[in-house]
Structure formats: C-alpha cells, structure tokens
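All remarks here apply to the structure that follows.
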Amino acid sequence: MSHIEALTAYLSSFVAELAISGVRDVVISPGSRSTPIAMVMAEHPELQLHIHVDERSAAFFALGIAKASGKPVALLCTSGTAAANYYPAIVEAGISRVPLIVITADRPHELRDVGAPQAIDQIHLYGHNVKWFVEMAIPEASSDARRYARTVCARAAATAKAFPAGPVHLNFPLREPLIPNLHDEMFELEERPEGYIQIVQGSMSLPDSFYESLIEELPPDTKGIIVCGPIEDKDFSEAVVLLARTLGFPILADPLSQLRSGVHDKSYIIDGYDTFLRNEAAKTVLKPDVVLRFGAMPVSKALSLFLKENRQAMQIVVDGGNGWRDPLMSASRMVYASETQFCLALSDAMKKKPENEEYLERWKQLNARTNELLAEVEAGNLLSEAKLFQLLKGQLPENATIFVGNSMPIRDLDTFFTCNGKNIKVLANRGANGIDGVISSAMGAAVINDSVYLILGDLTFFHDTNGLLPAKMENLHINIILINNNGGGIFSFLPQANHPKHFERLFGTPVDLKFQSAAEMYGASYDKITDKDEFLQAFEKNKIQKGLNIMEVVTDREANLQEHRNLWKNVSREIDILLEGETL
C-alpha cells in the first residue's frame with residue numbers, strides 16, 4: 001500500500017472514531033502540515049466544521065462551544081507557533097474543566113531540531129495543563145495501526161469527558177506528500193465500523209455510614225450555610241435545593257452556579273450576600289457552625305473573606321472531580337463524591353428537621369432588604385454600569401445565555417443579577433480569570449444557543465476583537481453589550497487607586513478607541529448608548545434583529561466607583577439599623 005493510501009486509511013480510522021465518540025464540532029485553523037487531517041474531517045458527514053484563521057481565537061471559540069454544549073470539541077492546527085497559540089485557552093479549559101481534544105500536526109521526527117521551517121518542540125507542549133498527551137505513531141496502513149488510531153481517539157474523548165473534564169493533546173507527526181486519497185468508502189474500511197472500544201464511566205459515591213456519621217456531628221440547632229460556586233451538573237439545582245430544605249440551610253448562590261435562574265424553588269437562595277457581607281454587624285449575626293461548599297470558588301470577594309474569617313466552622317468542600325478547591329485554606333474536610341449524589345444521600349439520611357429557622361430567616365431578611373435597596377438604582381434615565389445590570393434581568397428573553405467578561409462585569413452581575421424565573425444560563429471564563437478570548441468564547445456559545453448576550457468591558461473587547469470574525473463567517477446571532485469606561489475600571493476599586501501619580505498610565509490605561517469602526521469592519525449593527533431609554537430601545541430591537549449586534553454603553557470610571565461606594569454605604573447603614581442591639 002502506498003504512503004497516500006496508508007495516510008488516508010490511518011486518518012480516516014481516527015476521524016471515524018472521533019464521530020463515534022460523540023464529537024460533533026471541529027474547529028480548524030488553516031495550515032499545510034495539518035492538510036490531510038483537515039481534508040478527512042471535511043469528508044465526514046457527522047462532523048460540523050468551523051474554520052477560524054487565528055489559532056488563539058479558534059481555541060477560545062472551541063472552548064465556548066464545549067462550555068455551552070457540555071460535549072467535547074476537537075481543535076486542529078498545523079505545526080509550529082500555531083499550536084503555541086492554543087495555550088491560553090487550554091489553560092482555561094484545564095482549570096474550568098471543559099472537554100477539548102487538541103490535535104496538532106507536526107513535522108516527522110527526521111525534520112525536528114534540524115532547522116526545518118515551522119518546527120518547534122511540540123512534545124508535552126501544554127505541560128500539566130492537559131489531562132493526557134500522546135505522540136501519535138507515524139501513519140501506517142496495517143490493521144493494527146488503524147486499530148491503534150481508533151483506540152487512542154476513543155480513549156482521548158473519554159478522558160476529555162471524564163469528570164473532571166478537561167483538554168487532552170494528540171500530536172500527529174506527518175510526512176509528505178500530505179494530500180489524502182478521498183473516496184466514498186474511506187470511513188467503511190474497518191471490521192468494526194461502530195467503534196473499537198466502549199468506555200463506561202461512573203460517578204463517585206460514599207457509603208451510607210459516612211452520611212450517618214456526618215449527621216451525628218450536626219446538632220438540631222446547627223447554623224449552617226451552603227455555598228455554591230460555578231457548577232454545570234444539570235441535576236444539581238434540584239438536589240441542592242432539596243438539601244437546603246432538609247437541613248434548613250440558606251444557599252449562597254454564585255451567578256455561575258446556575259441557581260439564580262430557572263423553575264426550581266428559590267426560597268432558600270441568597271443572592272445579595274456580596275453586598276450585605278461587607279457589613280460587620282451582619283457578619284457577626286450570620287456566623288455559621290457549618291459550611292457546605294460545592295463547585296469552584298465564588299466570584300464574591302466579600303463572601304471569600306467571610307469564609308476565611310469563619311475557619312472555626314466545619315467547612316466541607318464536596319468535589320466529584322478530586323480537586324483541591326481551597327485557596328482560603330479554610331476547609332476542614334474534603335469530600336470526593338458526586339455533588340448531586342451527596343446532596344440526595346445526605347437529604348435521605350436526615351431523619352429529623354433541624355431547629356434553626358431563626359438563623360435561616362435572618363439570612364432571608366437581610367437578603368430581601370439588600371435587594372430592595374439595590375433595586376432603587378433603576379430610578380431615573382441616567383445609565384450607569386450598576387443600572388445596566390439591574391435592568392438586565394427584566395430584559396433578557398427566555399432561554400437566553402449570558403456570557404460575561406471578567407473584571408467588573410462579572411462582579412456587577414454577581415451583585416445585581418438576582419433570582420428570576422427565566423431559564424437563563426450564565427457562562428464566563430473563570431478558570432484563569434483572564435480577559436483574553438472572551439469574545440471568541442461567546443461566539444462559540446452562540447453556535448449552540450442563538451440567544452447569546454455577551455457583556456464585557458472595553459479593554460476585554462479590544463483584546464479579542466478578531467474573535468468577532470465567526471459571527472460574519474458563520475452567520476451567528478449574538479448581542480454584545482460593550483461597557484466603555486475607557487480603561488480598566490476594576491483597578492479603581494483596588495489599592496492601586498490610592499496612588500494617583502502613575503495610576504492612569506499603569507492601571508487605568510485609557511485607549512480612546514472608536515469601536516464603531518470595529519463594528520463596521522465585521523458587518524455588525526451598532527448602537528452608541530448614553531441613557532436608560534436608549535438602552536431599552538436598542539435591547540428590544542436587537543432581540544429580533546439577527547446577526548452581530550453591538551451596543552456600546554458609555555460610562556465613567558470615577559462615577560461608577562462613587563455609585564458603588566454609595567450603594568454599599570446605604571445598604572450597610574440600613575442593615576445597622578435593622579440589626580441594632582443584636583448580638584450572637
């Protein structure tokens with residue numbers, strides 16, 4: 001069998017198994033060395049190809065598809081620095097537990113480290129940021145070689161999906177000539193076209209004796225809280241609400257926990273904690289005996305500080321992914337079990353309802369009063385960053401997806417996006433918390449959901465402007481709310497702001513860009529918004545106007561800082577009045 005026939009048989013076996021393993025979306029960046037893999041992928045009827053010329057943006061685009069769908073997405077690029085440009089998204093996928101199958105083409109071994117063009121060391125290129133790395137064998141036509149290609153593919157997909165999910169890396173050394181022999185029967189060469197191996201995965205569970213022992217440690221009057229950070233299990237919401245009802249514990253729900261929206265019972269959910277936990281009297285009254293924590297660390301710094309200040313409490317971190325999610329060093333117990341199964345099993349093991357209604361009601365009372373005060377920001381026609389997020393909940397359509405940028409947008413979403421009955425999914429790149437690739441990730445989410453609302457700041461927008469290209473290339477529908485305060489607004493809230501001499505140059509970094517030009521470049525509709533009425537009008541228009549819609553909301557960094565401080569001060573004053581004279 002010729003080299004071309006061997007190349008075709010080997011790669012068609014791999015690609016066939018890729019589809020059987022559940023991969024549907026493949027993101028490809030054009031390149032020479034990856035030619036045969038790309039051409040074979042393009043022939044497979046069950047794979048949806050997305051072409052993106054910039055590898056850094058392409059990787060974040062794949063990340064967004066996988067994050068929104070919960071399914072593994074394959075990435076393909078040529079050799080050299082193309083593969084290096086995947087690095088930031090792979091780091092994010094590793095920390096955020098997002099399944100990616102990263103496929104890099106490479107020079108064959110005889111062309112490595114000899115000065116050949118477009119050749120870098122791609123062995124373990126991503127280090128510990130991937131769950132698994134394989135240097136693939138040189139393509140051969142033998143039955144064992146094809147079996148090997150399919151087995152590695154099946155194992156890679158299973159490893160990427162296995163909890164905790166994450167990226168895997170397969171490096172393909174390929175010799176020239178690179179053009180495969182495409183034909184109708186290329187995916188039907190195998191003795192077992194349905195796949196070579198089935199991989200069955202389960203979830204971690206604990207014996208009943210563990211739950212019985214834990215309940216014995218909880219007196220009837222236990223003051224406990226449940227803290228839920230980012231978590232994606234679709235069955236978790238109902239399970240954790242059942243646990244809260246059984247234990248009488250409030251749920252402090254991060255916006256990425258997916259608990260603030262949906263049809264589940266929200267009577268136990270606390271969403272205003274980031275504001276009222278800045279008050280010392282509130283923190284004193286609300287000191288817990290027990291903390292049950294699920295998911296990644298929440299966004300709120302006030303909540304993190306509260307947990308750190310209460311290290312004397314029994315703090316149990318439950319993680320079905322065997323991670324170590326304890327940056328505060330406050331955990332007293334790490335429990336490796338399925339979060340959903342833990343909630344259901346502990347609820348089932350409880351025989352008597354705790355006597356802690358007063359503590360629960362205090363959380364609810366402070367939460368309700370806080371949200372009443374924060375809602376007052378809606379008054380008037382002047383548009384601010386706080387008001388934008390307060391308005392958002394009422395304006396979003398059913399089944400929308402919010403993709404929110406880091407720095408100030410995710411924090412304002414945490415403060416102002418309170419509980420609602422709509423089915424709204426909230427996504428963000430909170431693994432490494434970077435501002436890179438946010439537009440690209442949101443575009444990936446728009447492949448899965450045609451009602452995506454991306455909310456980000458001007459520096460984040462600038463950082464990933466080329467991520468707008470998929471909207472034009474693939475006719476995606478996405479609405480972008482660009483908050484332009486001409487710089488890094490988050491730094492105004494940090495200690496650096498107390499040193500004005502070099503603040504603007506080093507941290508404020510105003511860029512004075514005209515974003516309408518970027519909108520025109522990518523064929524987007526554009527609205528420049530300065531007040532509440534303009535925002536509401538543009539928002540309503542863009543609900544039905546398909547394509548790429550950019551709404552630029554112009555705000556002021558100093559005014560934003562003062563508004564937030566005044567809101568926090570007002571809430572704190574009201575809580576002091578509410579709690580006047582109370583002690584533990």
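In the structure tokens, chains take letters A, B, ... by order of appearance, with residues numbered from 1 within each chain and ligands from 1 in the order shown.
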
### Query
What lies within 10 Å of range 549-551 of chain A using only C-alpha atoms, ignoring chain neighbours under 6 positions off, as a PyMOL selection string?
chain A and resi 453-455+471+477-483+515-516+518-519+523-529+534-535+538-539+541-543

#### Entry: Non-local contacts of Ala239 in chain A (7 Å; only C-alpha atoms; under 5 positions in same chain excluded) as a list in words
Thr340, Cys343 and Leu344 of chain A

### Task
Fewer than 2 positions away in the same chain doesn't count, so skip those; otherwise give me all residues within 8 Å of Ser203 in chain A, counting only C-alpha atoms, as a ChimeraX atom specification.
/A:201,205,320,337-338

Please write the residues from the selection above to a file, keeping C-alpha atoms, as a PDB file, in the first residue's frame.
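Generated output (out_3.pdb):
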```pdb
ATOM      1  CA  GLN A 201     -17.763   5.839  33.231  1.00  0.00           C
ATOM      2  CA  SER A 205     -20.262   7.865  45.776  1.00  0.00           C
ATOM      3  CA  GLY A 320     -16.673  14.968  42.406  1.00  0.00           C
ATOM      4  CA  ALA A 337     -18.125  12.405  45.677  1.00  0.00           C
ATOM      5  CA  SER A 338     -20.654  13.428  43.065  1.00  0.00           C
TER       6      SER A 338
END
```

### Task
Please indicate the distance in Å from CA of Gly437 in chain A to CA of Val53 in chain A, rounded to one decimal place.
14.2 Å

### Task
Would you mind telling me which residue in A:His109, A:Lys351, A:Lys472, A:His124 lies nearest to Glu520 in chain A when using only C-alpha atoms?
A:Lys472

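One finds CA of Gln48 in chain A at 5.8 Å from CA of Arg24 in chain A.
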
### Message
DSSP on the backbone, alpha helix (DSSP H) only: what residues of range 277-396 of chain A does that give? Format it as a PyMOL selection string.
### Response
chain A and resi 280-285+301-309+339-349+357-375+385-395

Determine, using only C-alpha atoms, which residues of range 190-263 of chain A have any atom at most 12 Å from an atom of range 155-174 of chain A, and tabulate each with its shortest atom pair and distance in Å to one decimal place, rows ordered by chain and then rising number, as CSV.
```
residue,atom,partner,partner_atom,distance
A:Gly195,CA,A:Arg155,CA,11.5
A:Tyr196,CA,A:Arg155,CA,10.4
A:Ile197,CA,A:Arg155,CA,8.6
A:Gln198,CA,A:Arg155,CA,9.1
A:Ile199,CA,A:Ala158,CA,6.7
A:Val200,CA,A:Ala158,CA,8.6
A:Gln201,CA,A:Ala162,CA,7.1
A:Gly202,CA,A:Ala162,CA,8.9
A:Ser203,CA,A:Phe163,CA,8.1
A:Met204,CA,A:Phe163,CA,9.6
A:Ile231,CA,A:Pro164,CA,11.2
A:Glu232,CA,A:Ala165,CA,11.1
A:Asp233,CA,A:Phe163,CA,10.8
```

Please list as a PDB file with all heavy atoms, in the first residue's frame every residue within 9 Å of range 560-568 of chain A, counting only C-alpha atoms and excluding residues in the same chain fewer than 6 positions away.
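Below you can see out_8.pdb, which holds the result:
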```pdb
ATOM      1  N   THR A 275     -23.119  42.143  48.822  1.00  0.00           N
ATOM      2  CA  THR A 275     -23.315  43.484  49.356  1.00  0.00           C
ATOM      3  C   THR A 275     -23.423  43.480  50.878  1.00  0.00           C
ATOM      4  O   THR A 275     -22.704  44.201  51.570  1.00  0.00           O
ATOM      5  CB  THR A 275     -24.580  44.121  48.742  1.00  0.00           C
ATOM      6  OG1 THR A 275     -24.418  44.187  47.325  1.00  0.00           O
ATOM      7  CG2 THR A 275     -24.799  45.518  49.295  1.00  0.00           C
ATOM      8  N   PHE A 276     -24.297  42.644  51.462  1.00  0.00           N
ATOM      9  CA  PHE A 276     -24.510  42.766  52.908  1.00  0.00           C
ATOM     10  C   PHE A 276     -23.421  42.091  53.736  1.00  0.00           C
ATOM     11  O   PHE A 276     -23.295  42.383  54.938  1.00  0.00           O
ATOM     12  CB  PHE A 276     -25.921  42.317  53.325  1.00  0.00           C
ATOM     13  CG  PHE A 276     -26.252  40.865  53.159  1.00  0.00           C
ATOM     14  CD1 PHE A 276     -25.752  39.904  54.021  1.00  0.00           C
ATOM     15  CD2 PHE A 276     -27.125  40.457  52.157  1.00  0.00           C
ATOM     16  CE1 PHE A 276     -26.091  38.569  53.887  1.00  0.00           C
ATOM     17  CE2 PHE A 276     -27.473  39.126  52.011  1.00  0.00           C
ATOM     18  CZ  PHE A 276     -26.953  38.172  52.879  1.00  0.00           C
ATOM     19  N   ARG A 278     -20.464  42.837  53.523  1.00  0.00           N
ATOM     20  CA  ARG A 278     -19.478  43.891  53.750  1.00  0.00           C
ATOM     21  C   ARG A 278     -19.738  44.591  55.092  1.00  0.00           C
ATOM     22  O   ARG A 278     -18.927  45.411  55.524  1.00  0.00           O
ATOM     23  CB  ARG A 278     -19.520  44.919  52.611  1.00  0.00           C
ATOM     24  CG  ARG A 278     -19.194  44.332  51.246  1.00  0.00           C
ATOM     25  CD  ARG A 278     -19.453  45.312  50.108  1.00  0.00           C
ATOM     26  NE  ARG A 278     -19.310  44.672  48.806  1.00  0.00           N
ATOM     27  CZ  ARG A 278     -18.179  44.628  48.097  1.00  0.00           C
ATOM     28  NH1 ARG A 278     -17.099  45.222  48.571  1.00  0.00           N
ATOM     29  NH2 ARG A 278     -18.127  44.008  46.934  1.00  0.00           N
ATOM     30  N   ASN A 279     -20.861  44.265  55.709  1.00  0.00           N
ATOM     31  CA  ASN A 279     -21.258  44.887  56.972  1.00  0.00           C
ATOM     32  C   ASN A 279     -20.819  44.020  58.147  1.00  0.00           C
ATOM     33  O   ASN A 279     -21.127  42.824  58.197  1.00  0.00           O
ATOM     34  CB  ASN A 279     -22.788  45.078  56.976  1.00  0.00           C
ATOM     35  CG  ASN A 279     -23.295  45.672  58.265  1.00  0.00           C
ATOM     36  OD1 ASN A 279     -23.499  44.950  59.239  1.00  0.00           O
ATOM     37  ND2 ASN A 279     -23.500  46.977  58.271  1.00  0.00           N
ATOM     38  N   LEU A 373     -32.996  47.658  48.337  1.00  0.00           N
ATOM     39  CA  LEU A 373     -32.186  48.881  48.263  1.00  0.00           C
ATOM     40  C   LEU A 373     -31.413  48.948  46.952  1.00  0.00           C
ATOM     41  O   LEU A 373     -31.295  50.019  46.344  1.00  0.00           O
ATOM     42  CB  LEU A 373     -31.225  48.931  49.448  1.00  0.00           C
ATOM     43  CG  LEU A 373     -31.895  49.084  50.818  1.00  0.00           C
ATOM     44  CD1 LEU A 373     -30.908  48.828  51.937  1.00  0.00           C
ATOM     45  CD2 LEU A 373     -32.507  50.477  50.960  1.00  0.00           C
ATOM     46  N   LEU A 374     -30.884  47.815  46.502  1.00  0.00           N
ATOM     47  CA  LEU A 374     -30.145  47.806  45.243  1.00  0.00           C
ATOM     48  C   LEU A 374     -31.060  48.097  44.053  1.00  0.00           C
ATOM     49  O   LEU A 374     -30.625  48.701  43.061  1.00  0.00           O
ATOM     50  CB  LEU A 374     -29.455  46.460  45.043  1.00  0.00           C
ATOM     51  CG  LEU A 374     -28.295  46.128  45.990  1.00  0.00           C
ATOM     52  CD1 LEU A 374     -27.761  44.728  45.701  1.00  0.00           C
ATOM     53  CD2 LEU A 374     -27.174  47.163  45.886  1.00  0.00           C
ATOM     54  N   VAL A 377     -31.582  51.578  42.259  1.00  0.00           N
ATOM     55  CA  VAL A 377     -30.659  52.140  41.266  1.00  0.00           C
ATOM     56  C   VAL A 377     -31.324  52.279  39.902  1.00  0.00           C
ATOM     57  O   VAL A 377     -30.857  53.028  39.042  1.00  0.00           O
ATOM     58  CB  VAL A 377     -29.385  51.259  41.164  1.00  0.00           C
ATOM     59  CG1 VAL A 377     -29.655  49.994  40.368  1.00  0.00           C
ATOM     60  CG2 VAL A 377     -28.224  52.028  40.564  1.00  0.00           C
ATOM     61  N   SER A 384     -25.954  53.897  34.204  1.00  0.00           N
ATOM     62  CA  SER A 384     -24.675  53.579  34.832  1.00  0.00           C
ATOM     63  C   SER A 384     -24.433  52.076  34.680  1.00  0.00           C
ATOM     64  O   SER A 384     -25.318  51.331  34.251  1.00  0.00           O
ATOM     65  CB  SER A 384     -24.686  53.957  36.310  1.00  0.00           C
ATOM     66  OG  SER A 384     -25.630  53.157  37.017  1.00  0.00           O
ATOM     67  N   GLU A 385     -23.247  51.633  35.072  1.00  0.00           N
ATOM     68  CA  GLU A 385     -22.940  50.210  34.999  1.00  0.00           C
ATOM     69  C   GLU A 385     -23.823  49.410  35.952  1.00  0.00           C
ATOM     70  O   GLU A 385     -24.301  48.322  35.620  1.00  0.00           O
ATOM     71  CB  GLU A 385     -21.449  49.987  35.295  1.00  0.00           C
ATOM     72  CG  GLU A 385     -20.557  50.591  34.217  1.00  0.00           C
ATOM     73  CD  GLU A 385     -19.072  50.467  34.507  1.00  0.00           C
ATOM     74  OE1 GLU A 385     -18.670  49.454  35.115  1.00  0.00           O
ATOM     75  OE2 GLU A 385     -18.317  51.374  34.117  1.00  0.00           O
ATOM     76  N   ALA A 386     -24.060  49.944  37.145  1.00  0.00           N
ATOM     77  CA  ALA A 386     -24.925  49.265  38.100  1.00  0.00           C
ATOM     78  C   ALA A 386     -26.347  49.157  37.561  1.00  0.00           C
ATOM     79  O   ALA A 386     -26.986  48.099  37.641  1.00  0.00           O
ATOM     80  CB  ALA A 386     -24.914  50.014  39.429  1.00  0.00           C
ATOM     81  N   ASN A 485     -15.834  52.324  29.652  1.00  0.00           N
ATOM     82  CA  ASN A 485     -15.442  53.357  30.612  1.00  0.00           C
ATOM     83  C   ASN A 485     -14.003  53.811  30.362  1.00  0.00           C
ATOM     84  O   ASN A 485     -13.364  54.379  31.230  1.00  0.00           O
ATOM     85  CB  ASN A 485     -15.631  52.886  32.052  1.00  0.00           C
ATOM     86  CG  ASN A 485     -14.900  51.581  32.341  1.00  0.00           C
ATOM     87  OD1 ASN A 485     -13.891  51.271  31.717  1.00  0.00           O
ATOM     88  ND2 ASN A 485     -15.407  50.814  33.294  1.00  0.00           N
ATOM     89  N   GLY A 489     -11.639  49.519  34.631  1.00  0.00           N
ATOM     90  CA  GLY A 489     -12.466  50.002  35.739  1.00  0.00           C
ATOM     91  C   GLY A 489     -12.232  49.281  37.052  1.00  0.00           C
ATOM     92  O   GLY A 489     -12.376  49.868  38.125  1.00  0.00           O
ATOM     93  N   SER A 492      -9.927  50.829  39.814  1.00  0.00           N
ATOM     94  CA  SER A 492     -10.401  51.936  40.657  1.00  0.00           C
ATOM     95  C   SER A 492     -10.857  51.441  42.022  1.00  0.00           C
ATOM     96  O   SER A 492     -10.927  52.218  42.975  1.00  0.00           O
ATOM     97  CB  SER A 492     -11.552  52.680  39.963  1.00  0.00           C
ATOM     98  OG  SER A 492     -11.118  53.252  38.748  1.00  0.00           O
ATOM     99  N   PHE A 493     -11.165  50.126  42.127  1.00  0.00           N
ATOM    100  CA  PHE A 493     -11.631  49.549  43.376  1.00  0.00           C
ATOM    101  C   PHE A 493     -10.494  48.917  44.173  1.00  0.00           C
ATOM    102  O   PHE A 493     -10.715  48.410  45.270  1.00  0.00           O
ATOM    103  CB  PHE A 493     -12.693  48.486  43.094  1.00  0.00           C
ATOM    104  CG  PHE A 493     -13.973  49.032  42.531  1.00  0.00           C
ATOM    105  CD1 PHE A 493     -14.079  49.363  41.186  1.00  0.00           C
ATOM    106  CD2 PHE A 493     -15.079  49.230  43.351  1.00  0.00           C
ATOM    107  CE1 PHE A 493     -15.259  49.872  40.664  1.00  0.00           C
ATOM    108  CE2 PHE A 493     -16.263  49.728  42.841  1.00  0.00           C
ATOM    109  CZ  PHE A 493     -16.361  50.062  41.495  1.00  0.00           C
TER     110      PHE A 493
END
```
